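Notes to accompany the following structure.
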Amino acid sequence: MRYAVYFAPALDHPLTLLANAWLGRDAASGEDLPQVAINGVTREELTELTADPRRYGFHATLKAPFELADGVSEADLIAAFDGFADSRQAFALPCVTLGQLGPFFALVPAEDSEELDSLAADSVRAFEPFRAPLSEADILRRKPEKLSPSERHNLQTWGYPYVFEDFRFHMTLTGPTLDAQRDALKTAICGHFAEILDRPLAIDHLALFVETERGAPFTVLRINQLRS
């Protein structure tokens with residue numbers, strides 16, 4: 001089993017409902033949902049393009065998926081997660097917008113946020129004692145030869161390349177896309193998420209997700225509200 005600490009909006013938040021319809025899955029219930037239809041991309045293409053984010057569930061990574069260290073139980077992790085969430089103050093991003101990370105589409109902050117960077121960094125540190133070391137196969141999957149020196153150091157030290165100075169908050173909407181698909185996808189995403197794009201977003205919940213076996217869909221194990 002693997003666990004991950006994510007930002008995810010409240011289960012009934014408009015963004016959650018829109019994202020579930022976009023991805024075709026509800027990570028809280030584990031149920032598949034009817035997926036939106038868009039012009040310029042076939043239903044089969046959209047299913048393929050959203051396969052990875054659908055499996056992981058709608059989220060932004062704070063502590064990347066990890067197996068439990070020896071001597072640590074799921075109950076220990078849940079207790080630590082509850083305590084961490086209880087200790088954090090909610091805040092808001094002034095604006096979220098559609099971004100591209102290479103060939104991927106994601107929702108991203110329109111500007112940097114010290115509060116967000118602090119939450120992410122503290123999450124990495126707080127849950128590190130619960131993380132088992134990566135296997136050699138896990139390290140190789142990250143293609144360390146293609147990472148920067150700091151990203152390789154992060155991978156070896158923290159189990160994930162994109163932490164601290166290399167962290168970039170993003171809520172993934174697609175896997176890698178082709179040039180010919182991007183205009184249609186951008187138009188569709190902007191239309192589907194119109195009510196939340198270019199508006200503030202409250203960072204007021206943390207979610208603990210679980211993958212019961214490698215390759216299985218991640219589901220919400222726990223979602224906690226931050227202090228208001």
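Ligands are numbered from 1 in the order shown, chains are lettered A, B, ... in the order of the structure tokens, and residues start at 1 in each chain.
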Give me every helix (DSSP H, G or I) residue in region 40-155 of chain A, going by DSSP on the backbone, as a PDB file with C-alpha atoms, in the first residue's frame.
```pdb
ATOM      1  CA  ARG A  43     -14.235  10.360 -26.088  1.00  0.00           C
ATOM      2  CA  GLU A  44     -11.589   7.642 -26.437  1.00  0.00           C
ATOM      3  CA  GLU A  45      -8.822  10.239 -26.724  1.00  0.00           C
ATOM      4  CA  LEU A  46     -10.059  12.122 -23.662  1.00  0.00           C
ATOM      5  CA  THR A  47     -10.243   8.889 -21.661  1.00  0.00           C
ATOM      6  CA  GLU A  48      -6.642   8.150 -22.581  1.00  0.00           C
ATOM      7  CA  LEU A  49      -5.471  11.725 -21.977  1.00  0.00           C
ATOM      8  CA  ALA A  51      -5.964   8.199 -17.477  1.00  0.00           C
ATOM      9  CA  ASP A  52      -3.149   9.145 -15.086  1.00  0.00           C
ATOM     10  CA  PRO A  53      -4.883  12.004 -13.244  1.00  0.00           C
ATOM     11  CA  ARG A  54      -8.044   9.891 -13.061  1.00  0.00           C
ATOM     12  CA  ARG A  55      -6.137   7.089 -11.308  1.00  0.00           C
ATOM     13  CA  TYR A  56      -4.490   9.442  -8.830  1.00  0.00           C
ATOM     14  CA  GLU A  74      -1.824   3.148   9.050  1.00  0.00           C
ATOM     15  CA  ALA A  75      -3.345   4.211  12.369  1.00  0.00           C
ATOM     16  CA  ASP A  76      -0.092   6.011  13.255  1.00  0.00           C
ATOM     17  CA  LEU A  77      -0.172   7.851   9.940  1.00  0.00           C
ATOM     18  CA  ILE A  78      -3.823   8.835  10.328  1.00  0.00           C
ATOM     19  CA  ALA A  79      -3.177  10.189  13.812  1.00  0.00           C
ATOM     20  CA  ALA A  80      -0.252  12.244  12.528  1.00  0.00           C
ATOM     21  CA  PHE A  81      -2.307  13.468   9.596  1.00  0.00           C
ATOM     22  CA  ASP A  82      -5.140  14.559  11.879  1.00  0.00           C
ATOM     23  CA  GLY A  83      -2.715  16.392  14.133  1.00  0.00           C
ATOM     24  CA  PHE A  84      -0.977  18.103  11.242  1.00  0.00           C
ATOM     25  CA  ALA A  85      -4.248  19.309   9.715  1.00  0.00           C
ATOM     26  CA  ASP A  86      -5.440  20.567  13.091  1.00  0.00           C
ATOM     27  CA  SER A  87      -2.256  22.627  13.427  1.00  0.00           C
ATOM     28  CA  GLU A 114       4.635  31.918   0.652  1.00  0.00           C
ATOM     29  CA  GLU A 115       1.837  30.295   2.659  1.00  0.00           C
ATOM     30  CA  LEU A 116       1.463  27.577   0.034  1.00  0.00           C
ATOM     31  CA  ASP A 117       5.207  26.959  -0.193  1.00  0.00           C
ATOM     32  CA  SER A 118       5.368  26.733   3.604  1.00  0.00           C
ATOM     33  CA  LEU A 119       2.499  24.229   3.742  1.00  0.00           C
ATOM     34  CA  ALA A 120       4.144  22.077   1.081  1.00  0.00           C
ATOM     35  CA  ALA A 121       7.581  22.150   2.721  1.00  0.00           C
ATOM     36  CA  ASP A 122       6.164  21.399   6.174  1.00  0.00           C
ATOM     37  CA  SER A 123       4.155  18.492   4.731  1.00  0.00           C
ATOM     38  CA  VAL A 124       7.283  16.972   3.222  1.00  0.00           C
ATOM     39  CA  ARG A 125       9.134  17.175   6.531  1.00  0.00           C
ATOM     40  CA  ALA A 126       6.248  16.197   8.817  1.00  0.00           C
ATOM     41  CA  GLU A 128       9.032  11.920   6.218  1.00  0.00           C
ATOM     42  CA  PRO A 129       9.335   9.673   9.326  1.00  0.00           C
ATOM     43  CA  PHE A 130       6.449   7.589   7.946  1.00  0.00           C
ATOM     44  CA  GLU A 136      15.971   0.986  -6.700  1.00  0.00           C
ATOM     45  CA  ALA A 137      13.129   0.368  -9.161  1.00  0.00           C
ATOM     46  CA  ASP A 138      11.224   3.363  -7.800  1.00  0.00           C
ATOM     47  CA  ILE A 139      14.279   5.568  -8.229  1.00  0.00           C
ATOM     48  CA  LEU A 140      14.820   4.363 -11.782  1.00  0.00           C
ATOM     49  CA  ARG A 141      11.175   5.084 -12.667  1.00  0.00           C
ATOM     50  CA  PRO A 144      17.206  10.400 -12.401  1.00  0.00           C
ATOM     51  CA  GLU A 145      19.523  10.989 -15.356  1.00  0.00           C
ATOM     52  CA  LYS A 146      17.004  13.538 -16.651  1.00  0.00           C
ATOM     53  CA  PRO A 149      21.163  18.049  -9.472  1.00  0.00           C
ATOM     54  CA  SER A 150      18.750  19.455  -6.864  1.00  0.00           C
ATOM     55  CA  GLU A 151      15.932  17.215  -8.102  1.00  0.00           C
ATOM     56  CA  ARG A 152      18.175  14.145  -7.859  1.00  0.00           C
ATOM     57  CA  HIS A 153      19.153  15.167  -4.336  1.00  0.00           C
ATOM     58  CA  ASN A 154      15.486  15.567  -3.416  1.00  0.00           C
ATOM     59  CA  LEU A 155      14.657  12.161  -4.847  1.00  0.00           C
TER      60      LEU A 155
END
```
Do you know which residues are at most 10 Å from Ala19 (chain A) counting only C-alpha atoms, after dropping those on the same chain fewer than 3 positions away, and could you put them as a count of residues only? 20
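In terms of minimum interatomic distance to Tyr162 (chain A), A:Leu62 ranks closest within A:Val36, A:Leu62, A:Ala184, A:Ile196, counting only C-alpha atoms.
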Nearest candidate to Arg131 (chain A) (options A:Leu68, A:Ala27, A:Val210, A:Ile223; using only C-alpha atoms):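 So, comparing all the options, the nearest one is A:Leu68.
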Need the shell around Thr212 (chain A): protein/DNA/RNA residues with any atom at most 10 Å away, counting only C-alpha atoms. Skip same-chain ones fewer than 6 positions apart. Format as a PDB file with N, CA and C atoms, in the first residue's frame?
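File around_16.pdb, as written:
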```pdb
ATOM      1  N   MET A   1       0.846  -1.198   0.000  1.00  0.00           N
ATOM      2  CA  MET A   1       0.000   0.000   0.000  1.00  0.00           C
ATOM      3  C   MET A   1       0.879   1.245   0.000  1.00  0.00           C
ATOM      4  N   ARG A   2       0.369   2.268  -0.667  1.00  0.00           N
ATOM      5  CA  ARG A   2       1.038   3.563  -0.630  1.00  0.00           C
ATOM      6  C   ARG A   2       0.040   4.623  -0.178  1.00  0.00           C
ATOM      7  N   TYR A   3       0.576   5.669   0.427  1.00  0.00           N
ATOM      8  CA  TYR A   3      -0.221   6.770   0.924  1.00  0.00           C
ATOM      9  C   TYR A   3       0.347   8.069   0.370  1.00  0.00           C
ATOM     10  N   PHE A 218      -6.072   5.557  -6.673  1.00  0.00           N
ATOM     11  CA  PHE A 218      -5.989   6.172  -5.355  1.00  0.00           C
ATOM     12  C   PHE A 218      -7.386   6.607  -4.922  1.00  0.00           C
ATOM     13  N   THR A 219      -7.665   6.443  -3.640  1.00  0.00           N
ATOM     14  CA  THR A 219      -8.941   6.879  -3.081  1.00  0.00           C
ATOM     15  C   THR A 219      -8.692   7.718  -1.834  1.00  0.00           C
TER      16      THR A 219
END
```
Using Å and a single decimal, report how far CA of Ala132 (chain A) sits from CA of Val163 (chain A).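 Separation of CA of Val163 (chain A) and CA of Ala132 (chain A): 17.2 Å.
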List the neighbours of Asp204 (chain A) out to 6 Å using only C-alpha atoms; skip same-chain residues closer than 4 positions along the sequence, and give me the result as a list in words.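 Residues near the query, excluding close chain neighbours: Ala90, Gln225 and Leu226 of chain A.
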Given the selection you just returned, output its residues as a file containing N, CA and C atoms, formatted as a tab-separated table (two decimals), in the first residue's frame.
```tsv
chain	number	residue	atom	x	y	z
A	90	ALA	N	-6.01	27.72	7.57
A	90	ALA	CA	-6.48	27.84	6.19
A	90	ALA	C	-6.07	29.21	5.62
A	225	GLN	N	-10.50	19.39	7.47
A	225	GLN	CA	-10.54	20.84	7.29
A	225	GLN	C	-9.43	21.49	8.13
A	226	LEU	N	-8.78	22.50	7.57
A	226	LEU	CA	-7.79	23.26	8.31
A	226	LEU	C	-8.49	24.28	9.21
```
Point out the residue among A:Ile38, A:Leu201, A:Leu208, A:Leu33 with the least atom-to-atom distance to Phe91 (chain A), counting only C-alpha atoms.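 For Phe91 (chain A), the nearest of the given residues is A:Leu201.
Using only C-alpha atoms, the shortest contact distance between Glu213 (chain A) and any of A:Pro94, A:Pro65, A:Pro9, A:Gly40 is found at A:Pro65.
The coordinates place CA of Pro217 (chain A) at 20.8 Å from CA of Ser135 (chain A).
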Out of A:Arg214, A:Arg182, A:Arg222, A:His170, which residue has the shortest atom-to-atom distance to Phe66 (chain A) when counting only C-alpha atoms?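 So, comparing all the options, the nearest one is A:Arg214.
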From a backbone DSSP assignment, name each residue in region 32-228 of chain A labelled strand (DSSP E or B), as a PyMOL selection string. chain A and resi 32+38+41+60-66+68+89+91-101+104-109+131+171-172+199-203+205-211+219-225+227
Name the closest residue to Asp198 (chain A) among the candidates A:Ala60, A:Phe164, A:Pro176, A:Pro109; distances are taken between atoms, counting only C-alpha atoms.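 Closest residue, counting only C-alpha atoms: A:Pro109.
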Separation of CA of His205 (chain A) from CA of Asp32 (chain A) in Å: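 So the two atoms, CA of Asp32 (chain A) and CA of His205 (chain A), lie 23.1 Å apart.
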Compile the contact shell of Arg199 (chain A) as a ChimeraX atom specification: residues with an atom at most 10 Å away, counting only C-alpha atoms, same-chain residues fewer than 4 positions apart removed. /A:93-97,109-110,194-195
